[in-house]
$ cat input36.cif   # mmCIF, C-alpha atoms and all ligand atoms
data_structure
#
loop_
_atom_site.label_atom_id
_atom_site.label_comp_id
_atom_site.auth_asym_id
_atom_site.auth_seq_id
_atom_site.Cartn_x
_atom_site.Cartn_y
_atom_site.Cartn_z
CA MET A 1 63.05 -4.83 54.80
CA SER A 2 66.07 -2.74 53.71
CA GLU A 3 65.80 -0.20 50.88
CA SER A 4 68.45 -2.08 48.91
CA SER A 5 66.45 -5.30 48.63
CA PRO A 6 62.93 -4.48 47.46
CA LEU A 7 60.63 -7.42 46.98
CA PRO A 8 60.50 -8.54 43.36
CA PRO A 9 57.36 -7.65 41.42
CA ILE A 10 54.56 -10.21 41.21
CA PRO A 11 53.43 -10.38 37.59
CA PHE A 12 49.83 -10.94 36.61
CA ASN A 13 50.75 -14.08 34.71
CA ARG A 14 53.78 -16.24 34.01
CA PRO A 15 53.50 -19.09 31.48
CA ALA A 16 54.17 -22.47 33.03
CA VAL A 17 57.08 -24.75 32.30
CA ALA A 18 55.53 -27.74 34.01
CA GLY A 19 57.28 -30.82 32.67
CA ARG A 20 59.11 -31.96 29.55
CA GLU A 21 58.63 -28.80 27.40
CA ARG A 22 62.36 -28.27 26.72
CA GLU A 23 63.03 -31.94 26.08
CA TYR A 24 60.14 -32.24 23.61
CA MET A 25 61.12 -29.08 21.75
CA GLU A 26 64.66 -30.48 21.39
CA GLN A 27 63.13 -33.69 20.00
CA ALA A 28 61.02 -31.71 17.55
CA LEU A 29 64.13 -29.80 16.44
CA GLY A 30 65.97 -33.08 15.93
CA SER A 31 63.12 -34.70 14.05
CA GLY A 32 63.48 -32.54 10.96
CA HIS A 33 59.73 -31.89 10.96
CA LEU A 34 59.04 -28.31 12.02
CA SER A 35 55.89 -27.59 10.02
CA GLY A 36 52.40 -28.56 11.13
CA ASP A 37 50.87 -31.99 11.72
CA GLY A 38 54.05 -33.75 12.84
CA ALA A 39 54.37 -36.37 15.56
CA PHE A 40 53.80 -33.95 18.46
CA THR A 41 50.66 -32.53 16.85
CA ALA A 42 49.33 -36.09 16.55
CA ARG A 43 50.04 -36.69 20.25
CA CYS A 44 48.24 -33.45 21.18
CA HIS A 45 45.27 -34.44 19.02
CA ALA A 46 45.04 -37.84 20.71
CA MET A 47 45.24 -36.36 24.21
CA LEU A 48 42.72 -33.61 23.47
CA GLN A 49 40.29 -36.12 21.96
CA ALA A 50 40.63 -38.30 25.06
CA ILE A 51 40.13 -35.29 27.36
CA THR A 52 37.18 -33.78 25.51
CA GLY A 53 35.54 -36.96 24.24
CA ALA A 54 35.10 -35.25 20.86
CA PRO A 55 35.47 -37.40 17.73
CA LYS A 56 38.00 -34.88 16.36
CA VAL A 57 40.16 -32.07 17.72
CA LEU A 58 42.43 -30.04 15.43
CA LEU A 59 45.26 -27.87 16.73
CA THR A 60 45.21 -24.35 15.34
CA THR A 61 47.50 -21.35 15.47
CA SER A 62 45.19 -19.68 18.01
CA CYS A 63 41.71 -19.75 19.50
CA THR A 64 41.02 -16.74 17.29
CA HIS A 65 41.75 -18.90 14.24
CA ALA A 66 39.75 -21.83 15.60
CA LEU A 67 36.78 -19.46 15.91
CA GLU A 68 37.34 -18.29 12.34
CA MET A 69 37.31 -21.91 11.18
CA ALA A 70 34.10 -22.53 13.10
CA MET A 71 32.42 -19.59 11.41
CA LEU A 72 33.63 -20.73 7.96
CA LEU A 73 32.16 -24.16 8.72
CA LEU A 74 28.82 -22.59 9.60
CA GLY A 75 28.75 -21.01 6.14
CA LEU A 76 27.68 -17.61 7.43
CA ALA A 77 26.81 -15.00 4.83
CA PRO A 78 26.58 -11.20 4.91
CA GLY A 79 23.40 -10.13 6.69
CA ASP A 80 23.32 -13.16 9.00
CA GLU A 81 23.16 -12.45 12.72
CA VAL A 82 25.00 -14.16 15.56
CA ILE A 83 23.97 -13.75 19.18
CA CYS A 84 26.89 -13.29 21.57
CA PRO A 85 27.63 -11.88 25.04
CA ALA A 86 28.68 -8.22 25.25
CA PHE A 87 31.25 -9.25 27.85
CA THR A 88 33.90 -11.25 25.96
CA PHE A 89 37.16 -11.02 24.04
CA VAL A 90 37.04 -9.43 20.58
CA SER A 91 37.99 -12.68 18.85
CA SER A 92 34.67 -14.29 19.75
CA VAL A 93 32.97 -11.66 17.60
CA ASN A 94 35.57 -10.82 14.94
CA ALA A 95 35.39 -14.42 13.76
CA PHE A 96 31.89 -13.99 12.34
CA VAL A 97 32.14 -10.27 11.57
CA LEU A 98 34.89 -11.35 9.14
CA ARG A 99 32.24 -13.44 7.36
CA GLY A 100 29.95 -10.41 7.06
CA ALA A 101 27.65 -11.46 9.90
CA ARG A 102 26.37 -8.98 12.49
CA PRO A 103 26.82 -9.35 16.23
CA VAL A 104 23.69 -9.09 18.36
CA PHE A 105 25.00 -8.35 21.83
CA VAL A 106 23.17 -9.82 24.81
CA ASP A 107 23.81 -8.87 28.43
CA ILE A 108 25.30 -11.18 31.06
CA ARG A 109 24.04 -12.67 34.30
CA PRO A 110 25.20 -10.73 37.36
CA ASP A 111 26.26 -13.95 39.15
CA THR A 112 28.37 -15.94 36.66
CA LEU A 113 29.02 -13.11 34.16
CA ASN A 114 27.90 -15.48 31.39
CA ILE A 115 25.36 -14.61 28.68
CA ASP A 116 21.94 -14.24 30.32
CA GLU A 117 19.90 -17.07 28.83
CA ARG A 118 16.69 -15.27 29.84
CA LEU A 119 17.49 -12.49 27.33
CA VAL A 120 18.48 -14.64 24.35
CA GLU A 121 15.11 -15.46 22.86
CA ALA A 122 14.14 -11.78 22.55
CA ALA A 123 17.32 -11.17 20.49
CA ILE A 124 16.44 -13.78 17.86
CA THR A 125 15.28 -12.58 14.42
CA PRO A 126 14.65 -14.44 11.14
CA ARG A 127 18.32 -13.71 10.28
CA THR A 128 19.81 -15.29 13.41
CA LYS A 129 22.03 -18.23 12.48
CA ALA A 130 24.10 -19.03 15.54
CA LEU A 131 24.67 -18.64 19.25
CA LEU A 132 28.26 -17.88 20.30
CA LEU A 133 28.75 -18.76 23.98
CA VAL A 134 31.62 -18.02 26.35
CA HIS A 135 32.03 -19.80 29.69
CA TYR A 136 33.52 -16.89 31.61
CA ALA A 137 36.33 -17.95 33.96
CA GLY A 138 35.49 -21.53 33.02
CA VAL A 139 32.14 -21.49 34.85
CA GLY A 140 29.46 -22.94 32.61
CA CYS A 141 26.67 -20.98 30.93
CA GLU A 142 23.14 -22.25 31.64
CA MET A 143 23.43 -24.88 28.93
CA PRO A 144 20.08 -26.73 29.13
CA ALA A 145 18.13 -23.47 28.62
CA LEU A 146 20.49 -22.25 25.89
CA MET A 147 20.50 -25.56 24.00
CA ALA A 148 16.69 -25.69 24.15
CA ILE A 149 16.46 -22.18 22.64
CA ALA A 150 18.96 -23.10 19.92
CA GLU A 151 17.02 -26.23 19.08
CA ARG A 152 13.68 -24.43 19.01
CA HIS A 153 15.01 -21.84 16.55
CA GLY A 154 17.38 -24.04 14.53
CA LEU A 155 20.51 -22.15 15.62
CA ALA A 156 24.04 -23.55 15.59
CA VAL A 157 25.86 -23.37 18.94
CA VAL A 158 29.58 -22.58 19.09
CA GLU A 159 31.29 -22.49 22.49
CA ASP A 160 34.30 -20.20 22.81
CA ASN A 161 35.82 -22.39 25.52
CA ALA A 162 39.09 -20.45 25.88
CA HIS A 163 38.60 -20.40 29.67
CA GLY A 164 36.80 -23.65 30.22
CA LEU A 165 38.96 -26.68 29.37
CA PHE A 166 38.37 -29.19 32.26
CA GLY A 167 35.23 -27.32 33.40
CA HIS A 168 31.87 -29.13 33.70
CA TYR A 169 28.17 -28.30 33.80
CA ARG A 170 26.19 -30.99 35.67
CA GLY A 171 29.03 -33.38 34.92
CA GLN A 172 29.16 -32.66 31.18
CA ALA A 173 32.39 -31.15 29.86
CA LEU A 174 32.24 -27.52 28.77
CA GLY A 175 32.94 -27.40 25.06
CA SER A 176 30.99 -30.60 24.39
CA PHE A 177 27.50 -29.05 24.07
CA GLY A 178 27.65 -27.19 20.75
CA ALA A 179 28.48 -28.59 17.32
CA MET A 180 31.91 -27.02 17.80
CA SER A 181 33.97 -25.41 20.52
CA THR A 182 37.33 -23.71 20.59
CA LEU A 183 40.31 -23.74 22.96
CA SER A 184 43.14 -21.28 23.51
CA PHE A 185 46.73 -22.10 24.39
CA HIS A 186 47.80 -18.47 24.55
CA GLU A 187 50.34 -17.85 27.31
CA THR A 188 47.63 -16.36 29.55
CA LYS A 189 45.61 -19.61 29.56
CA ASN A 190 45.90 -22.60 31.93
CA LEU A 191 47.78 -24.70 29.36
CA THR A 192 49.87 -22.94 26.77
CA CYS A 193 52.33 -23.13 23.92
CA GLY A 194 52.76 -19.35 23.64
CA GLU A 195 50.27 -18.88 20.83
CA GLY A 196 47.96 -21.74 19.91
CA GLY A 197 44.47 -23.10 20.00
CA ALA A 198 42.24 -25.93 18.93
CA LEU A 199 38.95 -26.53 17.18
CA VAL A 200 36.89 -29.21 18.93
CA LEU A 201 34.47 -30.89 16.52
CA ASN A 202 31.65 -32.58 18.41
CA ASP A 203 29.78 -33.24 15.16
CA GLY A 204 31.68 -35.80 13.11
CA ALA A 205 30.00 -34.59 9.92
CA LEU A 206 32.11 -31.40 10.11
CA VAL A 207 35.50 -33.14 10.27
CA GLU A 208 36.35 -33.55 6.59
CA ARG A 209 35.59 -29.93 5.68
CA ALA A 210 37.40 -28.67 8.80
CA GLU A 211 40.55 -30.51 7.73
CA ILE A 212 40.29 -28.92 4.29
CA ILE A 213 39.75 -25.38 5.61
CA ARG A 214 42.73 -25.81 7.97
CA GLU A 215 44.96 -26.92 5.06
CA LYS A 216 44.50 -23.91 2.76
CA GLY A 217 41.35 -25.31 1.19
CA THR A 218 43.14 -28.44 -0.02
CA ASN A 219 42.51 -32.11 0.66
CA ARG A 220 46.11 -32.61 1.80
CA SER A 221 45.05 -34.37 5.03
CA ARG A 222 43.41 -37.14 3.00
CA PHE A 223 46.52 -37.32 0.80
CA TYR A 224 48.77 -37.83 3.86
CA ARG A 225 46.51 -40.62 5.04
CA GLY A 226 46.90 -42.29 1.65
CA GLN A 227 43.23 -41.92 0.79
CA ILE A 228 43.96 -40.10 -2.49
CA ASP A 229 47.07 -40.06 -4.71
CA LYS A 230 47.42 -36.28 -5.12
CA TYR A 231 45.94 -33.30 -3.38
CA THR A 232 44.30 -30.23 -4.82
CA TRP A 233 42.36 -27.07 -4.07
CA VAL A 234 38.78 -28.08 -3.22
CA ASP A 235 37.31 -25.34 -0.98
CA VAL A 236 38.09 -22.03 0.69
CA GLY A 237 40.61 -22.20 3.49
CA SER A 238 43.65 -20.76 5.12
CA SER A 239 46.75 -21.89 7.01
CA TYR A 240 45.63 -22.75 10.51
CA LEU A 241 48.25 -25.38 11.49
CA PRO A 242 50.73 -24.60 14.26
CA SER A 243 54.37 -25.65 13.90
CA ASP A 244 55.22 -29.01 15.47
CA LEU A 245 57.73 -27.11 17.65
CA LEU A 246 54.80 -25.44 19.39
CA ALA A 247 52.90 -28.72 19.51
CA ALA A 248 55.94 -30.19 21.32
CA TYR A 249 55.61 -27.55 24.04
CA LEU A 250 51.86 -28.11 24.24
CA CYS A 251 52.32 -31.88 24.38
CA ALA A 252 54.41 -31.51 27.54
CA GLN A 253 51.78 -29.18 29.02
CA LEU A 254 48.95 -31.58 28.26
CA GLU A 255 50.88 -34.43 29.90
CA ALA A 256 51.42 -32.21 32.97
CA ARG A 257 47.79 -31.09 33.09
CA GLU A 258 46.98 -32.65 36.45
CA LEU A 259 49.93 -30.94 38.09
CA VAL A 260 49.07 -27.59 36.49
CA GLN A 261 45.40 -27.87 37.42
CA ALA A 262 46.12 -28.96 40.99
CA ARG A 263 48.42 -25.99 41.48
CA ARG A 264 45.89 -23.53 40.04
CA ARG A 265 43.11 -25.02 42.13
CA ALA A 266 45.17 -24.56 45.28
CA ILE A 267 45.84 -20.92 44.38
CA TRP A 268 42.22 -20.16 43.45
CA ASP A 269 40.82 -21.85 46.55
CA GLY A 270 43.52 -20.17 48.64
CA TYR A 271 42.43 -16.71 47.50
CA ASP A 272 38.78 -17.50 48.09
CA ARG A 273 39.42 -18.75 51.64
CA ALA A 274 41.83 -15.98 52.60
CA LEU A 275 39.78 -13.12 51.14
CA ALA A 276 36.25 -14.15 52.09
CA ALA A 277 35.93 -12.29 55.40
CA TRP A 278 37.62 -9.12 54.14
CA ALA A 279 35.66 -9.05 50.88
CA ASP A 280 32.30 -9.79 52.49
CA ALA A 281 32.85 -7.10 55.13
CA SER A 282 33.90 -4.58 52.43
CA GLY A 283 31.04 -5.15 50.01
CA ILE A 284 33.47 -6.67 47.51
CA GLY A 285 32.12 -9.49 45.37
CA ARG A 286 33.86 -12.84 44.85
CA PRO A 287 33.33 -15.33 42.00
CA GLN A 288 30.00 -17.15 42.25
CA VAL A 289 30.16 -20.76 41.14
CA PRO A 290 26.77 -22.50 41.01
CA ALA A 291 26.71 -25.87 42.76
CA HIS A 292 26.10 -27.62 39.41
CA CYS A 293 29.29 -26.17 37.87
CA SER A 294 32.91 -27.20 38.37
CA HIS A 295 35.51 -24.83 36.97
CA PRO A 296 39.19 -25.09 36.02
CA SER A 297 40.50 -22.25 38.22
CA HIS A 298 41.27 -20.04 35.25
CA ILE A 299 40.49 -16.59 36.70
CA TYR A 300 40.17 -15.32 40.26
CA TYR A 301 38.37 -12.00 40.25
CA LEU A 302 36.91 -9.47 42.68
CA LEU A 303 34.06 -7.04 42.06
CA LEU A 304 34.75 -3.71 43.73
CA PRO A 305 31.76 -1.56 44.69
CA THR A 306 32.67 1.28 42.31
CA LEU A 307 34.99 2.23 39.44
CA GLU A 308 36.69 4.70 41.80
CA ALA A 309 37.45 1.93 44.32
CA ARG A 310 38.78 -0.31 41.55
CA THR A 311 41.08 2.41 40.23
CA ARG A 312 42.41 3.00 43.74
CA LEU A 313 42.88 -0.72 44.42
CA LEU A 314 44.80 -1.29 41.18
CA ALA A 315 47.05 1.69 42.00
CA GLU A 316 47.69 0.47 45.56
CA LEU A 317 48.55 -3.01 44.33
CA ARG A 318 50.89 -1.51 41.73
CA ARG A 319 52.66 0.41 44.50
CA ALA A 320 53.15 -2.94 46.25
CA LEU A 321 54.58 -4.25 42.93
CA ILE A 322 51.61 -6.55 42.38
CA LEU A 323 50.15 -6.62 38.89
CA ALA A 324 46.40 -7.09 38.97
CA THR A 325 44.23 -6.12 36.03
CA PHE A 326 40.72 -5.36 34.83
CA HIS A 327 39.04 -7.39 32.08
CA TYR A 328 36.84 -6.94 29.01
CA GLN A 329 35.49 -3.54 28.13
CA PRO A 330 31.88 -3.79 26.90
CA LEU A 331 32.06 -4.80 23.25
CA HIS A 332 28.82 -3.05 22.28
CA LEU A 333 30.35 0.27 23.40
CA SER A 334 33.63 -0.17 21.49
CA ASP A 335 34.20 1.75 18.25
CA MET A 336 33.38 -1.42 16.30
CA GLY A 337 30.44 -2.34 18.51
CA ARG A 338 28.86 1.07 17.94
CA LEU A 339 29.05 0.50 14.18
CA PHE A 340 26.68 -2.41 14.81
CA GLY A 341 24.26 -0.23 16.74
CA GLY A 342 25.72 -0.66 20.23
CA ARG A 343 24.66 2.06 22.68
CA ALA A 344 25.05 2.89 26.36
CA GLY A 345 22.43 1.24 28.55
CA GLN A 346 21.92 -1.66 26.16
CA CYS A 347 23.72 -4.19 28.38
CA PRO A 348 23.64 -2.67 31.87
CA VAL A 349 25.18 -5.62 33.75
CA THR A 350 28.12 -5.78 31.32
CA GLU A 351 28.64 -2.02 31.59
CA ASP A 352 28.58 -2.18 35.38
CA VAL A 353 30.81 -5.24 35.81
CA ALA A 354 33.40 -4.03 33.29
CA ASP A 355 34.05 -1.01 35.54
CA ARG A 356 34.37 -2.96 38.78
CA LEU A 357 36.17 -6.23 38.03
CA VAL A 358 39.76 -6.92 39.11
CA ARG A 359 41.66 -10.11 38.23
CA LEU A 360 44.35 -11.33 40.64
CA PRO A 361 47.60 -13.11 39.69
CA VAL A 362 46.98 -16.85 39.17
CA TYR A 363 49.78 -18.85 37.59
CA PHE A 364 51.45 -22.23 37.94
CA ASP A 365 54.52 -21.16 39.91
CA LEU A 366 52.98 -18.38 42.01
CA SER A 367 54.64 -19.17 45.35
CA ALA A 368 52.75 -19.38 48.63
CA ALA A 369 54.82 -16.42 49.88
CA ASP A 370 53.90 -14.30 46.86
CA GLN A 371 50.24 -15.22 47.15
CA ALA A 372 50.39 -14.23 50.82
CA ARG A 373 51.79 -10.83 49.73
CA VAL A 374 48.81 -10.35 47.41
CA VAL A 375 46.37 -11.28 50.17
CA GLU A 376 48.12 -8.97 52.64
CA ALA A 377 48.06 -6.02 50.23
CA LEU A 378 44.36 -6.58 49.60
CA GLY A 379 43.62 -6.86 53.32
CA ALA A 380 45.17 -3.43 53.84
CA PHE A 381 42.82 -1.88 51.28
CA ARG A 382 39.78 0.01 52.56
CA VAL A 383 36.92 0.61 50.16
C1 LIG A 401 42.11 -15.77 25.05
C2 LIG A 401 40.76 -15.75 24.47
C3 LIG A 401 40.55 -15.81 23.08
C4 LIG A 401 41.66 -15.72 22.08
O1 LIG A 401 42.61 -16.71 22.22
P1 LIG A 401 43.90 -16.67 21.26
O2 LIG A 401 44.40 -18.08 21.39
O3 LIG A 401 44.83 -15.66 21.84
O4 LIG A 401 43.46 -16.33 19.90
C5 LIG A 401 39.26 -15.89 22.60
N1 LIG A 401 38.22 -15.88 23.43
C6 LIG A 401 38.36 -15.79 24.77
C7 LIG A 401 37.14 -15.81 25.63
C8 LIG A 401 39.64 -15.71 25.32
O5 LIG A 401 39.78 -15.59 26.64
#
$ encode --input "input36.cif" --output "structure tokens"
Amino acid sequence: MSESSPLPPIPFNRPAVAGREREYMEQALGSGHLSGDGAFTARCHAMLQAITGAPKVLLTTSCTHALEMAMLLLGLAPGDEVICPAFTFVSSVNAFVLRGARPVFVDIRPDTLNIDERLVEAAITPRTKALLLVHYAGVGCEMPALMAIAERHGLAVVEDNAHGLFGHYRGQALGSFGAMSTLSFHETKNLTCGEGGALVLNDGALVERAEIIREKGTNRSRFYRGQIDKYTWVDVGSSYLPSDLLAAYLCAQLEARELVQARRRAIWDGYDRALAAWADASGIGRPQVPAHCSHPSHIYYLLLPTLEARTRLLAELRRALILATFHYQPLHLSDMGRLFGGRAGQCPVTEDVADRLVRLPVYFDLSAADQARVVEALGAFRV
């Protein structure tokens, strides 16, 4: 390899253009309908309802906003408590902190990195209202145990399913267990429109109020369906509708989902096959997927033995122009988390894993040659 032609960098992520994205965005431009709930939004809703089996799915401006809608629908009040994993994205928690509720952080399982269902019951108090679950990397939480606890204590279950679209637990779709679940179409997710999300309503009784909250607290959705002759302010709400331009992009992605998923599966499985011997011999952990779970190949991660080894690995990959990255820092130890009583040692598995986890590039058009470069660079690393 000559000095004048260095290999191009391999990014951590590149959003997919998998099908008719450009064509559909042109159509949206030509349609004269750029605001929310146009023809492309309707097509996305229909596809997402068919995929999830939910009676209603509503596109939102982000998963963050879908979570906010979910927490509005739960009617949380100041002083309420919500149980959540300490190892997740801030949006899972902000959504109910915005309503005045307190997070009660629970540690994760060392195998799937999902909330440890064996620790949930001890975290319940008379103020607990809901259980916020995250299916990390799209591998399901232990749903039968968690749903039984929720039922026993009368808790609502909301699944932050940002990673788990197309994932299953014993054949049941992730996101279909709780009363509500949320999806993300941020550019780092399997399917994207840049910034976007969806609220999946598994409980039909929530649909009418969800439509109102999404439309600034008005009953405009009913007006558009001709069910009332004028619309008005009937509840609290905000503006959670994405532009139909973004829905056009997402529509093309949803249509291309099998292609996108097949490609990601090949990349994920390729890493796992190619790295197994090296990782096992080096004391490096690979993702553990229980036999009863199928996952959508969202994240491929490694667990280095120490923080020092992870720091060195990330630096060596960077020198090879490969962008790998760590993941969530423990939420209970963040500045905000400490305001809610978070302290070191409270969630030892989360604290340990956060220091050791490395995510590898996984994206739609990662070429076989580039993936081979990643594998080769890893193989040269000595713990
Ligand atoms: C990406 C992500 C979110 C936020 O998604 P946005 O669409 O960017 O708001 C929330 N929760 C989890 C677990 C995520 O991975």
$ closest_residue --input "input36.cif" --among "A:Arg382, A:Arg170, A:Arg222, A:His298" --to "ligand LIG 401 (chain A)" --atoms "all atoms listed in the file"
A:His298
$ axis_aligned_box --input "input36.cif" --around "ligand LIG 401 (chain A)" --padding-each-side "5 Å" --output "JSON"
{"center_x": 41.0, "center_y": -16.8, "center_z": 23.3, "size_x": 17.7, "size_y": 12.5, "size_z": 16.7}
$ closest_residue --input "input36.cif" --among "A:Pro85, A:Gly167, A:Gly100, A:Gly345" --to "ligand LIG 401 (chain A)" --atoms "all atoms listed in the file"
A:Pro85
$ atom_distance --input "input36.cif" --atom1 "CA of Gly38 in chain A" --atom2 "CA of Asp244 in chain A"
5.5 Å
$ atom_distance --input "input36.cif" --atom1 "CA of Gly19 in chain A" --atom2 "CA of Pro296 in chain A"
19.3 Å
$ closest_residue --input "input36.cif" --among "A:Leu76, A:Val358, A:Val139, A:Leu67" --to "His292 in chain A" --atoms "all atoms listed in the file"
A:Val139
$ closest_residue --input "input36.cif" --among "A:Ala369, A:Val374, A:Ile322, A:Leu48" --to "Pro11 in chain A" --atoms "only C-alpha atoms"
A:Ile322
$ residues_around --input "input36.cif" --residues "Gly138 in chain A" --least-positions-apart "3" --cutoff "8 Å" --atoms "all atoms listed in the file" --output "PyMOL selection string"
chain A and resi 135+161+163-165+167+295-299
$ write_last_selection --input "input36.cif" --atoms "C-alpha atoms" --output "tab-separated table (two decimals), keeping the file's coordinate frame"
chain	number	residue	atom	x	y	z
A	135	HIS	CA	32.03	-19.80	29.69
A	161	ASN	CA	35.82	-22.39	25.52
A	163	HIS	CA	38.60	-20.40	29.67
A	164	GLY	CA	36.80	-23.65	30.22
A	165	LEU	CA	38.96	-26.68	29.37
A	167	GLY	CA	35.23	-27.32	33.40
A	295	HIS	CA	35.51	-24.83	36.97
A	296	PRO	CA	39.19	-25.09	36.02
A	297	SER	CA	40.50	-22.25	38.22
A	298	HIS	CA	41.27	-20.04	35.25
A	299	ILE	CA	40.49	-16.59	36.70
$ closest_residue --input "input36.cif" --among "A:Glu81, A:Asp269, A:Glu159, A:Asp111" --to "ligand LIG 401 (chain A)" --atoms "all atoms listed in the file"
A:Glu159
$ residues_near_ligand --input "input36.cif" --ligand "ligand LIG 401 (chain A)" --cutoff "8 Å" --atoms "all atoms listed in the file" --output "VMD selection string"
chain A and resid 61 to 67 88 to 92 134 to 136 160 to 163 183 to 186 188 to 189 195 to 197
$ residues_around --input "input36.cif" --residues "range 285-287 of chain A" --least-positions-apart "6" --cutoff "7 Å" --atoms "only C-alpha atoms" --output "PyMOL selection string"
chain A and resi 279+301-304
$ closest_residue --input "input36.cif" --among "A:Ala277, A:Ala309, A:Leu201, A:Leu98" --to "Thr52 in chain A" --atoms "all atoms listed in the file"
A:Leu201
$ atom_distance --input "input36.cif" --atom1 "CA of Thr112 in chain A" --atom2 "CA of Phe87 in chain A"
11.4 Å
$ residues_around --input "input36.cif" --residues "Met69 in chain A" --least-positions-apart "5" --cutoff "10 Å" --atoms "all atoms listed in the file" --output "list of chain:residue names"
A:Thr60, A:Cys63, A:Thr64, A:Leu74, A:Gly75, A:Ala95, A:Phe96, A:Met180, A:Thr182, A:Leu199, A:Arg209, A:Ala210, A:Glu211, A:Ile213, A:Arg214, A:Gly237, A:Ser238, A:Tyr240
$ residues_around --input "input36.cif" --residues "Lys56 in chain A" --least-positions-apart "2" --cutoff "7 Å" --atoms "all atoms listed in the file" --output "count of residues only"
6
